[in-house]
Amino acid sequence: MSGKMNNCSYKNGGAPPKASKETSSCIIVVFGVTGDLARKKIIPALYKLFAMGLLNEKTRIVGIGRRNYDDIEYNEYIKSAVEKAGRHGESAAEEFVKINSYYGADFTVPGEYPGIREYLKKLAAKYKICDFLYYLSTPPANFEQIITSLHDSGLSRPDFLDVSCAGSFVRVVIEKPYGYDISSARALNEKVLSIFSEDQIYRIDHYLGKETVQNIMIFRFVNGIFEPIWNQKYIDNVQIKVFESEGIGGRANYFDRSGIIRDIIQNHSLQMLSLIAMEPSASNAPDAVRNEKLKVLQSIRPFDRAEPAKYLTAAQYSAGIIGGETVEAYNREKNIAAGSVTETFAAIKLFIDNWRWAGVPFYLIAGKRMPERLTEVIVTFKPAPHMIFNSLCNMSEPVSNRLVIRVQPDEGISLKIFCKRPGFETELQPVSMNFNYSGSFEAALPEAYERLILDALNGDATLFMRSDEIEAAWDYITPILQCLKNGEIELKKYAAGTPGPELCGFFGLNLC
Ligand code: BG6
């Protein structure tokens, strides 16, 4: 056998291996447990981890919310939240309910925290637990105050337990949106970092927990054949699309204040961009990876407010048809003012000013009420430097290879190459080399939240955003938001069910 052996092992297909590290016994405290996110994502993810045997058997989950639930009502709430997470044996849901309990309190009121502390203290003593994971699944407006109250009530340090807890941890998971612009993000970082150290803070961007997004680093840095061509010499442009057919659902108040740039591009799109564009890190240690991602975000050329239309298209959906159904215009949705100027679609063109990417445009495109749900990264390569087949020079489209990383749905990767169509003429036909998760792996892909919660319990922050990454992302995005807010660029319209204004023709390119 030739070649250097290394100490890596791999499995070919099959079920995903179990997490090797058992989590330590811990009390997971979910603030905002009765909210939408906790019910739809966090509780089901905890349940799946429990049912797979990945939670330490002493783990306890405490929900904190403002509703008045008695034990029976809360048990019903937990059972209904895990219903859609699939069956895991006859009694898994019943058993899961037993590790859950509820403490009704208005977590926005500092005076409630001594009560929370006493409750947690008793539970910790009963199960001999010293570790705490606080999960902030509340409206972002409450983050700073909850963090302050955790500190003031002593809950931010395990010594509130009055027993020796050497080596124990207190960690805090903070949901998005993390900040509203650069100054609020900085203020939040300052507050959180005045109480917790960076290695105790887990800022969630759930896209980083998606299998297909994690696979970007594996694809780039394990398959050595791509690295030599992953640069401005061979790559013509990169598109990162996040399309959703859904509208704003029941989140009118949140979304109208946010818009698609804050909701998707500032976090999900820029995080995917940093994984696509980063340099290989020295190792997969959390800070080694995050240092490289940070450098990408810091190298993005600042948005040029003097010529906004060259780099930004923003639009809002009007009425249209999706899947055969007529849907309302955004400004006629419930709880949205008729005069709202919130963008539900944006396309941004940016450059990363470093040696690897000089001159390569990156397009970040995101929209609600698009024709379909689709998240993908499209890397378009430059055509061959010289075409020796003269008869092919009049092709209507450029003869360029394209690599498509399909994040969701139909997860996979495909490479478009050109072939000679069989026959006596020299004619080209684009064909695809495809990898699909569904064809190569038997098991369903784990939910992003399962992976992220497990990592937070295990103290692995690689897939979480560090404070400087968040600030670098807001540094770039804030001038774009100001430009929109001040009406420096026209807010266009697109019919719901179409791929944005101008039917994909942005910045002189067809980006569909
Ligand atoms: C959230 C946004 O972060 O991501 C939502 O706030 C969006 O508006 C959601 O719908 C998309 O997540 P996913 O995993 O369905 O692509």
# chains A, B, ... in the order shown; residues from 1 in each chain; ligands from 1
call {"tool": "closest_atom_pairs", "arguments": {"of": "chain A", "to": "ligand 1", "cutoff": "8 Å", "atoms": "only C-alpha atoms and all ligand atoms", "output": "tab-separated table"}}
result
residue	atom	partner	partner_atom_place_in_ligand_line	distance
A:Lys176	CA	ligand 1	3 (O)	7.0
A:Pro177	CA	ligand 1	6 (O)	7.8
A:Asp205	CA	ligand 1	3 (O)	7.2
A:His206	CA	ligand 1	14 (O)	7.0
A:Tyr207	CA	ligand 1	14 (O)	6.5
A:Lys210	CA	ligand 1	14 (O)	8.0
A:Val242	CA	ligand 1	16 (O)	7.5
A:Glu244	CA	ligand 1	10 (O)	7.0
A:Glu246	CA	ligand 1	10 (O)	7.5
A:Ile248	CA	ligand 1	8 (O)	7.0
A:Phe255	CA	ligand 1	8 (O)	7.6
A:Ile260	CA	ligand 1	8 (O)	7.6
A:Asp263	CA	ligand 1	6 (O)	5.1
A:Ile264	CA	ligand 1	2 (C)	6.1
A:His268	CA	ligand 1	3 (O)	7.3
A:Thr375	CA	ligand 1	16 (O)	7.3
A:Gln408	CA	ligand 1	16 (O)	7.5
A:Ala448	CA	ligand 1	14 (O)	7.8
call {"tool": "residues_around", "arguments": {"residues": "range 489-492 of chain A", "least_positions_apart": "6", "cutoff": "7 Å", "atoms": "only C-alpha atoms", "output": "short mmCIF file (atom, residue, chain, number, x, y, z; two decimals) with N, CA, C and O atoms, in the first residue's frame"}}
result
data_model
loop_
_atom_site.label_atom_id
_atom_site.label_comp_id
_atom_site.auth_asym_id
_atom_site.auth_seq_id
_atom_site.Cartn_x
_atom_site.Cartn_y
_atom_site.Cartn_z
N PRO A 308 -25.28 52.04 -3.68
CA PRO A 308 -25.90 50.86 -3.07
C PRO A 308 -26.49 49.88 -4.09
O PRO A 308 -26.41 48.66 -3.88
N ALA A 309 -27.04 50.40 -5.19
CA ALA A 309 -27.72 49.49 -6.12
C ALA A 309 -26.75 48.51 -6.78
O ALA A 309 -27.16 47.47 -7.31
N ALA A 314 -33.23 44.92 -2.60
CA ALA A 314 -34.11 44.55 -1.49
C ALA A 314 -35.54 44.66 -1.97
O ALA A 314 -35.87 45.53 -2.79
N ALA A 315 -36.39 43.76 -1.49
CA ALA A 315 -37.76 43.77 -1.99
C ALA A 315 -38.71 43.17 -0.95
O ALA A 315 -38.28 42.55 0.01
N GLN A 316 -39.99 43.39 -1.21
CA GLN A 316 -41.04 42.88 -0.31
C GLN A 316 -42.07 42.16 -1.17
O GLN A 316 -42.39 42.63 -2.27
N CYS A 483 -28.66 51.90 5.19
CA CYS A 483 -28.97 52.33 3.83
C CYS A 483 -30.45 52.07 3.53
O CYS A 483 -31.16 52.92 2.99
N PRO A 501 -37.59 40.02 -7.15
CA PRO A 501 -37.84 41.00 -8.21
C PRO A 501 -36.92 40.70 -9.38
O PRO A 501 -35.90 40.04 -9.22
#
call {"tool": "select_by_dssp", "arguments": {"residues": "range 268-324 of chain A", "states": "strand (DSSP E or B)", "output": "ChimeraX atom specification"}}
result
/A:300,312-318,320-322
call {"tool": "residues_around", "arguments": {"residues": "Val82 in chain A", "least_positions_apart": "3", "cutoff": "9 Å", "atoms": "only C-alpha atoms", "output": "compact mmCIF listing (two decimals) with all heavy atoms, in the first residue's frame"}}
result
# COMPACT_ATOMS: atom_id res chain seq x y z
N ARG A 39 -40.90 24.84 22.20
CA ARG A 39 -41.87 23.76 21.94
C ARG A 39 -41.54 23.02 20.64
O ARG A 39 -41.59 21.79 20.58
CB ARG A 39 -43.28 24.38 21.84
CG ARG A 39 -44.39 23.36 21.69
CD ARG A 39 -45.74 24.04 21.83
NE ARG A 39 -45.87 25.19 20.95
CZ ARG A 39 -46.20 25.12 19.66
NH1 ARG A 39 -46.46 23.95 19.10
NH2 ARG A 39 -46.28 26.21 18.92
N LYS A 40 -41.14 23.79 19.60
CA LYS A 40 -40.93 23.14 18.31
C LYS A 40 -39.55 22.53 18.16
O LYS A 40 -39.36 21.58 17.41
CB LYS A 40 -41.14 24.15 17.19
CG LYS A 40 -42.59 24.55 17.02
CD LYS A 40 -42.72 25.39 15.77
CE LYS A 40 -44.12 25.89 15.57
NZ LYS A 40 -44.16 27.15 14.86
N ILE A 43 -37.29 21.35 23.07
CA ILE A 43 -37.81 20.19 23.82
C ILE A 43 -37.73 18.91 22.96
O ILE A 43 -37.22 17.88 23.42
CB ILE A 43 -39.27 20.44 24.32
CG1 ILE A 43 -39.30 21.66 25.26
CG2 ILE A 43 -39.86 19.21 24.98
CD1 ILE A 43 -38.56 21.49 26.57
N PRO A 44 -38.17 18.96 21.67
CA PRO A 44 -38.03 17.75 20.85
C PRO A 44 -36.57 17.29 20.73
O PRO A 44 -36.28 16.10 20.75
CB PRO A 44 -38.60 18.14 19.49
CG PRO A 44 -39.55 19.26 19.80
CD PRO A 44 -38.96 20.00 20.97
N ALA A 45 -35.64 18.25 20.61
CA ALA A 45 -34.23 17.84 20.47
C ALA A 45 -33.74 17.19 21.76
O ALA A 45 -33.04 16.16 21.73
CB ALA A 45 -33.37 19.07 20.14
N TYR A 47 -35.53 15.61 23.86
CA TYR A 47 -36.19 14.31 23.92
C TYR A 47 -35.45 13.28 23.06
O TYR A 47 -35.20 12.14 23.48
CB TYR A 47 -37.64 14.46 23.46
CG TYR A 47 -38.34 13.15 23.22
CD1 TYR A 47 -38.52 12.23 24.26
CD2 TYR A 47 -38.83 12.82 21.96
CE1 TYR A 47 -39.15 11.01 24.04
CE2 TYR A 47 -39.47 11.61 21.73
CZ TYR A 47 -39.62 10.72 22.78
OH TYR A 47 -40.24 9.52 22.55
N LYS A 48 -35.08 13.69 21.85
CA LYS A 48 -34.37 12.75 20.97
C LYS A 48 -33.05 12.33 21.61
O LYS A 48 -32.67 11.16 21.57
CB LYS A 48 -34.11 13.39 19.59
CG LYS A 48 -35.34 13.58 18.74
CD LYS A 48 -35.77 12.33 18.01
CE LYS A 48 -35.01 12.08 16.73
NZ LYS A 48 -35.26 13.09 15.71
N TYR A 77 -47.96 19.27 28.32
CA TYR A 77 -47.27 20.19 27.40
C TYR A 77 -46.02 19.51 26.82
O TYR A 77 -45.77 19.54 25.61
CB TYR A 77 -46.90 21.48 28.14
CG TYR A 77 -46.02 22.41 27.35
CD1 TYR A 77 -46.52 23.11 26.26
CD2 TYR A 77 -44.66 22.56 27.66
CE1 TYR A 77 -45.71 23.95 25.52
CE2 TYR A 77 -43.85 23.41 26.92
CZ TYR A 77 -44.38 24.10 25.86
OH TYR A 77 -43.57 24.92 25.10
N ILE A 78 -45.24 18.89 27.68
CA ILE A 78 -44.02 18.21 27.22
C ILE A 78 -44.38 17.06 26.27
O ILE A 78 -43.77 16.91 25.20
CB ILE A 78 -43.20 17.67 28.42
CG1 ILE A 78 -42.69 18.83 29.29
CG2 ILE A 78 -42.04 16.78 27.98
CD1 ILE A 78 -41.61 19.69 28.64
N LYS A 79 -45.39 16.31 26.64
CA LYS A 79 -45.77 15.17 25.78
C LYS A 79 -46.21 15.66 24.40
O LYS A 79 -45.85 15.08 23.38
CB LYS A 79 -46.92 14.39 26.42
CG LYS A 79 -46.44 13.36 27.41
CD LYS A 79 -47.58 12.46 27.79
CE LYS A 79 -47.39 11.99 29.21
NZ LYS A 79 -48.60 11.48 29.84
N ALA A 85 -41.65 14.22 17.34
CA ALA A 85 -40.23 13.82 17.26
C ALA A 85 -40.10 12.32 17.01
O ALA A 85 -38.99 11.78 17.04
CB ALA A 85 -39.51 14.22 18.54
N GLY A 86 -41.20 11.64 16.78
CA GLY A 86 -41.15 10.22 16.44
C GLY A 86 -41.18 9.36 17.70
O GLY A 86 -40.85 9.82 18.79
N ARG A 87 -41.58 8.11 17.51
CA ARG A 87 -41.67 7.21 18.65
C ARG A 87 -40.31 6.57 18.91
O ARG A 87 -39.59 6.25 17.99
CB ARG A 87 -42.69 6.11 18.36
CG ARG A 87 -44.12 6.63 18.42
CD ARG A 87 -45.07 5.51 18.06
NE ARG A 87 -45.12 4.48 19.10
CZ ARG A 87 -45.81 4.58 20.21
NH1 ARG A 87 -46.52 5.65 20.43
NH2 ARG A 87 -45.81 3.61 21.10
N ALA A 93 -41.48 8.62 25.91
CA ALA A 93 -42.06 9.93 26.23
C ALA A 93 -42.42 10.00 27.71
O ALA A 93 -42.17 11.02 28.37
CB ALA A 93 -43.29 10.18 25.36
call {"tool": "residues_around", "arguments": {"residues": "range 353-362 of chain A", "least_positions_apart": "2", "cutoff": "7 Å", "atoms": "only C-alpha atoms", "output": "list in words"}}
result
Asn231, Gln232, Asp236, Asn237, Val238, Gln239, Ser299, Ile300, Arg301, Lys349, Leu350, Phe351 and Leu364 of chain A
call {"tool": "write_last_selection", "arguments": {"atoms": "N, CA, C and O atoms", "output": "tab-separated table (two decimals), in the first residue's frame"}}
result
chain	number	residue	atom	x	y	z
A	231	ASN	N	-10.05	28.91	-5.23
A	231	ASN	CA	-9.52	30.27	-5.12
A	231	ASN	C	-9.87	31.08	-6.37
A	231	ASN	O	-10.50	30.56	-7.30
A	232	GLN	N	-9.42	32.34	-6.36
A	232	GLN	CA	-9.79	33.27	-7.44
A	232	GLN	C	-9.28	32.84	-8.81
A	232	GLN	O	-9.77	33.29	-9.82
A	236	ASP	N	-15.22	31.46	-10.41
A	236	ASP	CA	-15.75	32.68	-11.01
A	236	ASP	C	-16.64	33.44	-10.04
A	236	ASP	O	-16.55	34.65	-9.91
A	237	ASN	N	-17.54	32.72	-9.38
A	237	ASN	CA	-18.41	33.37	-8.39
A	237	ASN	C	-19.03	32.32	-7.49
A	237	ASN	O	-19.02	31.13	-7.81
A	238	VAL	N	-19.55	32.78	-6.36
A	238	VAL	CA	-20.19	31.88	-5.39
A	238	VAL	C	-21.54	32.48	-5.00
A	238	VAL	O	-21.63	33.67	-4.72
A	239	GLN	N	-22.55	31.64	-5.05
A	239	GLN	CA	-23.88	32.09	-4.58
A	239	GLN	C	-24.28	31.30	-3.36
A	239	GLN	O	-24.08	30.08	-3.33
A	299	SER	N	-12.52	40.28	6.41
A	299	SER	CA	-11.95	40.66	5.10
A	299	SER	C	-13.02	41.07	4.09
A	299	SER	O	-12.71	41.37	2.94
A	300	ILE	N	-14.29	41.04	4.49
A	300	ILE	CA	-15.33	41.45	3.54
A	300	ILE	C	-15.20	42.95	3.29
A	300	ILE	O	-15.09	43.74	4.23
A	301	ARG	N	-15.20	43.29	2.03
A	301	ARG	CA	-15.08	44.72	1.67
A	301	ARG	C	-16.31	45.46	2.20
A	301	ARG	O	-17.44	45.00	1.99
A	349	LYS	N	-24.28	41.57	-3.12
A	349	LYS	CA	-23.04	41.17	-3.81
A	349	LYS	C	-21.88	41.68	-2.96
A	349	LYS	O	-21.85	42.86	-2.60
A	350	LEU	N	-20.95	40.81	-2.64
A	350	LEU	CA	-19.82	41.28	-1.81
A	350	LEU	C	-18.51	40.67	-2.30
A	350	LEU	O	-18.50	39.68	-3.04
A	351	PHE	N	-17.44	41.28	-1.86
A	351	PHE	CA	-16.10	40.77	-2.19
A	351	PHE	C	-15.33	40.52	-0.90
A	351	PHE	O	-15.51	41.24	0.09
A	364	LEU	N	-25.15	36.73	-1.78
A	364	LEU	CA	-25.97	36.17	-0.71
A	364	LEU	C	-27.42	36.54	-1.03
A	364	LEU	O	-27.76	37.72	-1.11
call {"tool": "residues_around", "arguments": {"residues": "Ile240 in chain A", "least_positions_apart": "6", "cutoff": "8 Å", "atoms": "only C-alpha atoms", "output": "mmCIF file with N, CA, C and O atoms, in the first residue's frame"}}
result
data_model
loop_
_atom_site.group_PDB
_atom_site.id
_atom_site.type_symbol
_atom_site.label_atom_id
_atom_site.label_comp_id
_atom_site.auth_asym_id
_atom_site.auth_seq_id
_atom_site.Cartn_x
_atom_site.Cartn_y
_atom_site.Cartn_z
ATOM 1 N N SER A 269 -26.451 33.103 6.450
ATOM 2 C CA SER A 269 -25.721 33.225 5.180
ATOM 3 C C SER A 269 -24.249 33.553 5.429
ATOM 4 O O SER A 269 -23.355 32.978 4.790
ATOM 5 N N MET A 272 -22.351 30.490 6.619
ATOM 6 C CA MET A 272 -22.029 29.566 5.514
ATOM 7 C C MET A 272 -20.909 30.147 4.656
ATOM 8 O O MET A 272 -20.001 29.436 4.230
ATOM 9 N N LEU A 273 -20.980 31.456 4.420
ATOM 10 C CA LEU A 273 -19.917 32.113 3.647
ATOM 11 C C LEU A 273 -18.558 31.901 4.311
ATOM 12 O O LEU A 273 -17.562 31.591 3.653
ATOM 13 N N PHE A 362 -19.247 37.235 -4.385
ATOM 14 C CA PHE A 362 -20.092 36.313 -3.613
ATOM 15 C C PHE A 362 -21.486 36.934 -3.583
ATOM 16 O O PHE A 362 -21.627 38.134 -3.312
ATOM 17 N N TYR A 363 -22.493 36.133 -3.844
ATOM 18 C CA TYR A 363 -23.868 36.627 -3.816
ATOM 19 C C TYR A 363 -24.615 35.939 -2.685
ATOM 20 O O TYR A 363 -24.673 34.697 -2.642
ATOM 21 N N LEU A 364 -25.154 36.725 -1.784
ATOM 22 C CA LEU A 364 -25.973 36.171 -0.708
ATOM 23 C C LEU A 364 -27.420 36.535 -1.032
ATOM 24 O O LEU A 364 -27.759 37.722 -1.114
ATOM 25 N N ILE A 365 -28.230 35.532 -1.236
ATOM 26 C CA ILE A 365 -29.609 35.791 -1.658
ATOM 27 C C ILE A 365 -30.540 35.072 -0.695
ATOM 28 O O ILE A 365 -30.349 33.872 -0.426
ATOM 29 N N THR A 375 -32.101 25.705 0.193
ATOM 30 C CA THR A 375 -30.867 26.366 0.628
ATOM 31 C C THR A 375 -29.716 25.678 -0.082
ATOM 32 O O THR A 375 -29.576 24.453 0.013
ATOM 33 N N GLU A 376 -28.932 26.444 -0.806
ATOM 34 C CA GLU A 376 -27.801 25.830 -1.490
ATOM 35 C C GLU A 376 -26.664 26.826 -1.686
ATOM 36 O O GLU A 376 -26.860 28.031 -1.673
ATOM 37 N N VAL A 377 -25.481 26.243 -1.832
ATOM 38 C CA VAL A 377 -24.296 27.032 -2.157
ATOM 39 C C VAL A 377 -23.880 26.605 -3.558
ATOM 40 O O VAL A 377 -23.708 25.408 -3.810
ATOM 41 N N ILE A 378 -23.748 27.568 -4.450
ATOM 42 C CA ILE A 378 -23.364 27.229 -5.827
ATOM 43 C C ILE A 378 -22.011 27.863 -6.128
ATOM 44 O O ILE A 378 -21.871 29.090 -6.086
#
call {"tool": "closest_residue", "arguments": {"among": "A:Val327, A:Cys165, A:Ile129, A:Met217", "to": "Glu279 in chain A", "atoms": "only C-alpha atoms"}}
result
A:Met217
call {"tool": "residues_around", "arguments": {"residues": "Ile417 in chain A", "least_positions_apart": "3", "cutoff": "12 Å", "atoms": "only C-alpha atoms", "output": "MDAnalysis selection string"}}
result
chainID A and resid 380:381 383:384 398:404 414 420 428:434
call {"tool": "write_last_selection", "arguments": {"atoms": "C-alpha atoms", "output": "PDB file, in the first residue's frame"}}
result
ATOM      1  CA  THR A 380     -19.284  28.406 -10.399  1.00  0.00           C
ATOM      2  CA  PHE A 381     -15.850  27.725 -11.832  1.00  0.00           C
ATOM      3  CA  PRO A 383     -14.340  28.199 -18.076  1.00  0.00           C
ATOM      4  CA  ALA A 384     -11.298  26.336 -19.399  1.00  0.00           C
ATOM      5  CA  PRO A 398     -20.767  29.652 -20.597  1.00  0.00           C
ATOM      6  CA  VAL A 399     -19.165  26.233 -20.432  1.00  0.00           C
ATOM      7  CA  SER A 400     -18.463  26.403 -16.706  1.00  0.00           C
ATOM      8  CA  ASN A 401     -18.401  23.679 -14.116  1.00  0.00           C
ATOM      9  CA  ARG A 402     -20.640  24.186 -11.121  1.00  0.00           C
ATOM     10  CA  LEU A 403     -20.486  22.609  -7.751  1.00  0.00           C
ATOM     11  CA  VAL A 404     -23.769  22.703  -5.886  1.00  0.00           C
ATOM     12  CA  SER A 414     -23.524  17.690  -7.283  1.00  0.00           C
ATOM     13  CA  LYS A 420     -19.738  14.781 -25.496  1.00  0.00           C
ATOM     14  CA  LEU A 428     -21.840  19.125 -25.550  1.00  0.00           C
ATOM     15  CA  GLN A 429     -24.236  18.022 -22.901  1.00  0.00           C
ATOM     16  CA  PRO A 430     -24.063  19.172 -19.279  1.00  0.00           C
ATOM     17  CA  VAL A 431     -24.406  16.226 -16.882  1.00  0.00           C
ATOM     18  CA  SER A 432     -24.219  15.893 -13.106  1.00  0.00           C
ATOM     19  CA  MET A 433     -22.120  13.789 -10.785  1.00  0.00           C
ATOM     20  CA  ASN A 434     -24.298  13.436  -7.731  1.00  0.00           C
TER      21      ASN A 434
END
call {"tool": "closest_residue", "arguments": {"among": "A:Thr462, A:Gln298, A:Thr344, A:Asn331", "to": "Ala285 in chain A", "atoms": "only C-alpha atoms"}}
result
A:Thr462
call {"tool": "closest_residue", "arguments": {"among": "A:Phe418, A:Phe424, A:Phe31, A:Phe506", "to": "Tyr311 in chain A", "atoms": "only C-alpha atoms"}}
result
A:Phe506
call {"tool": "residues_around", "arguments": {"residues": "range 182-189 of chain A", "least_positions_apart": "6", "cutoff": "12 Å", "atoms": "only C-alpha atoms", "output": "ChimeraX atom specification"}}
result
/A:140-148,174,176,195-198,201-203,262,266,465-482
call {"tool": "write_last_selection", "arguments": {"atoms": "N, CA, C and O atoms", "output": "compact mmCIF listing (two decimals), in the first residue's frame"}}
result
# COMPACT_ATOMS: atom_id res chain seq x y z
N PRO A 140 -35.29 38.32 22.38
CA PRO A 140 -33.94 38.88 22.56
C PRO A 140 -33.91 40.06 23.51
O PRO A 140 -32.90 40.29 24.18
N ALA A 141 -35.02 40.77 23.61
CA ALA A 141 -35.06 41.95 24.49
C ALA A 141 -34.80 41.54 25.94
O ALA A 141 -34.43 42.39 26.76
N ASN A 142 -34.98 40.27 26.27
CA ASN A 142 -34.80 39.83 27.67
C ASN A 142 -33.40 39.31 27.98
O ASN A 142 -33.09 39.04 29.13
N PHE A 143 -32.56 39.14 26.96
CA PHE A 143 -31.26 38.47 27.19
C PHE A 143 -30.44 39.17 28.28
O PHE A 143 -29.98 38.54 29.22
N GLU A 144 -30.24 40.49 28.09
CA GLU A 144 -29.34 41.19 29.02
C GLU A 144 -29.83 41.11 30.45
O GLU A 144 -29.06 40.88 31.38
N GLN A 145 -31.15 41.29 30.58
CA GLN A 145 -31.71 41.31 31.93
C GLN A 145 -31.62 39.91 32.57
O GLN A 145 -31.31 39.80 33.77
N ILE A 146 -31.83 38.86 31.79
CA ILE A 146 -31.74 37.50 32.37
C ILE A 146 -30.30 37.23 32.82
O ILE A 146 -30.05 36.73 33.92
N ILE A 147 -29.36 37.62 31.96
CA ILE A 147 -27.95 37.41 32.30
C ILE A 147 -27.60 38.18 33.59
O ILE A 147 -26.95 37.64 34.49
N THR A 148 -28.07 39.43 33.67
CA THR A 148 -27.80 40.23 34.87
C THR A 148 -28.41 39.55 36.10
O THR A 148 -27.78 39.44 37.16
N ILE A 174 -27.29 31.08 24.12
CA ILE A 174 -28.09 32.27 23.78
C ILE A 174 -28.57 32.14 22.33
O ILE A 174 -27.79 31.91 21.41
N LYS A 176 -30.52 33.22 18.74
CA LYS A 176 -30.48 34.39 17.86
C LYS A 176 -31.84 35.07 17.91
O LYS A 176 -32.80 34.41 18.28
N ILE A 195 -19.94 38.77 32.81
CA ILE A 195 -20.44 37.80 33.79
C ILE A 195 -19.93 36.39 33.50
O ILE A 195 -19.56 35.64 34.41
N PHE A 196 -19.89 36.04 32.23
CA PHE A 196 -19.39 34.71 31.85
C PHE A 196 -18.13 34.87 31.01
O PHE A 196 -17.97 35.88 30.32
N SER A 197 -17.28 33.85 31.04
CA SER A 197 -16.12 33.91 30.14
C SER A 197 -16.55 33.32 28.80
O SER A 197 -17.54 32.59 28.71
N GLU A 198 -15.77 33.66 27.76
CA GLU A 198 -16.16 33.24 26.41
C GLU A 198 -16.43 31.73 26.35
O GLU A 198 -17.36 31.29 25.67
N ILE A 201 -19.96 30.59 26.99
CA ILE A 201 -21.07 31.18 26.21
C ILE A 201 -21.23 30.44 24.89
O ILE A 201 -20.27 30.30 24.12
N TYR A 202 -22.44 30.03 24.61
CA TYR A 202 -22.75 29.28 23.38
C TYR A 202 -23.82 30.04 22.61
O TYR A 202 -25.01 29.95 22.90
N ARG A 203 -23.36 30.84 21.61
CA ARG A 203 -24.33 31.63 20.82
C ARG A 203 -24.76 30.80 19.63
O ARG A 203 -23.94 30.43 18.79
N ARG A 262 -31.51 40.83 8.64
CA ARG A 262 -31.17 40.49 10.03
C ARG A 262 -31.51 39.03 10.33
O ARG A 262 -30.79 38.35 11.05
N GLN A 266 -27.49 38.06 8.08
CA GLN A 266 -26.47 38.44 9.08
C GLN A 266 -25.90 37.20 9.77
O GLN A 266 -24.75 37.20 10.19
N MET A 465 -21.13 30.66 17.62
CA MET A 465 -20.47 31.89 17.17
C MET A 465 -19.77 32.60 18.33
O MET A 465 -20.37 32.82 19.37
N ARG A 466 -18.53 32.94 18.10
CA ARG A 466 -17.77 33.65 19.12
C ARG A 466 -18.13 35.14 19.06
O ARG A 466 -18.59 35.63 18.04
N SER A 467 -17.83 35.86 20.14
CA SER A 467 -18.24 37.28 20.20
C SER A 467 -17.66 38.09 19.03
O SER A 467 -18.36 38.91 18.42
N ASP A 468 -16.40 37.82 18.68
CA ASP A 468 -15.79 38.63 17.62
C ASP A 468 -16.38 38.31 16.24
O ASP A 468 -16.49 39.18 15.37
N GLU A 469 -16.79 37.05 16.04
CA GLU A 469 -17.45 36.69 14.77
C GLU A 469 -18.77 37.46 14.63
O GLU A 469 -19.10 37.98 13.56
N ILE A 470 -19.51 37.49 15.73
CA ILE A 470 -20.81 38.18 15.71
C ILE A 470 -20.60 39.66 15.38
O ILE A 470 -21.30 40.24 14.56
N GLU A 471 -19.60 40.24 16.01
CA GLU A 471 -19.38 41.68 15.79
C GLU A 471 -18.89 41.95 14.36
O GLU A 471 -19.29 42.93 13.74
N ALA A 472 -18.04 41.05 13.85
CA ALA A 472 -17.56 41.26 12.47
C ALA A 472 -18.73 41.17 11.49
O ALA A 472 -18.81 41.93 10.52
N ALA A 473 -19.66 40.24 11.75
CA ALA A 473 -20.82 40.10 10.86
C ALA A 473 -21.69 41.37 10.94
O ALA A 473 -22.11 41.91 9.92
N TRP A 474 -21.92 41.86 12.16
CA TRP A 474 -22.73 43.08 12.29
C TRP A 474 -22.01 44.29 11.71
O TRP A 474 -22.62 45.20 11.17
N ASP A 475 -20.69 44.32 11.82
CA ASP A 475 -19.91 45.42 11.25
C ASP A 475 -20.20 45.55 9.76
O ASP A 475 -20.35 46.66 9.24
N TYR A 476 -20.25 44.41 9.10
CA TYR A 476 -20.52 44.45 7.66
C TYR A 476 -21.98 44.79 7.37
O TYR A 476 -22.30 45.57 6.48
N ILE A 477 -22.89 44.19 8.13
CA ILE A 477 -24.33 44.30 7.82
C ILE A 477 -24.93 45.65 8.23
O ILE A 477 -25.84 46.16 7.56
N THR A 478 -24.44 46.27 9.29
CA THR A 478 -25.11 47.46 9.81
C THR A 478 -25.23 48.60 8.77
O THR A 478 -26.32 49.17 8.62
N PRO A 479 -24.19 48.92 8.00
CA PRO A 479 -24.37 49.98 6.99
C PRO A 479 -25.43 49.62 5.94
O PRO A 479 -26.12 50.51 5.42
N ILE A 480 -25.59 48.34 5.65
CA ILE A 480 -26.62 47.94 4.68
C ILE A 480 -28.00 48.24 5.27
O ILE A 480 -28.90 48.76 4.60
N LEU A 481 -28.15 47.93 6.56
CA LEU A 481 -29.43 48.19 7.21
C LEU A 481 -29.71 49.68 7.28
O LEU A 481 -30.84 50.13 7.09
N GLN A 482 -28.66 50.46 7.52
CA GLN A 482 -28.86 51.91 7.59
C GLN A 482 -29.27 52.46 6.23
O GLN A 482 -30.13 53.33 6.12
call {"tool": "select_by_dssp", "arguments": {"residues": "range 108-236 of chain A", "states": "helix (DSSP H, G or I)", "output": "PyMOL selection string"}}
result
chain A and resi 110-127+140-152+158-161+182-195+198-200+206-209+211-222+227-229
call {"tool": "closest_residue", "arguments": {"among": "A:Val33, A:Asp256, A:Gly439, A:Glu73", "to": "Ala338 in chain A", "atoms": "only C-alpha atoms"}}
result
A:Asp256
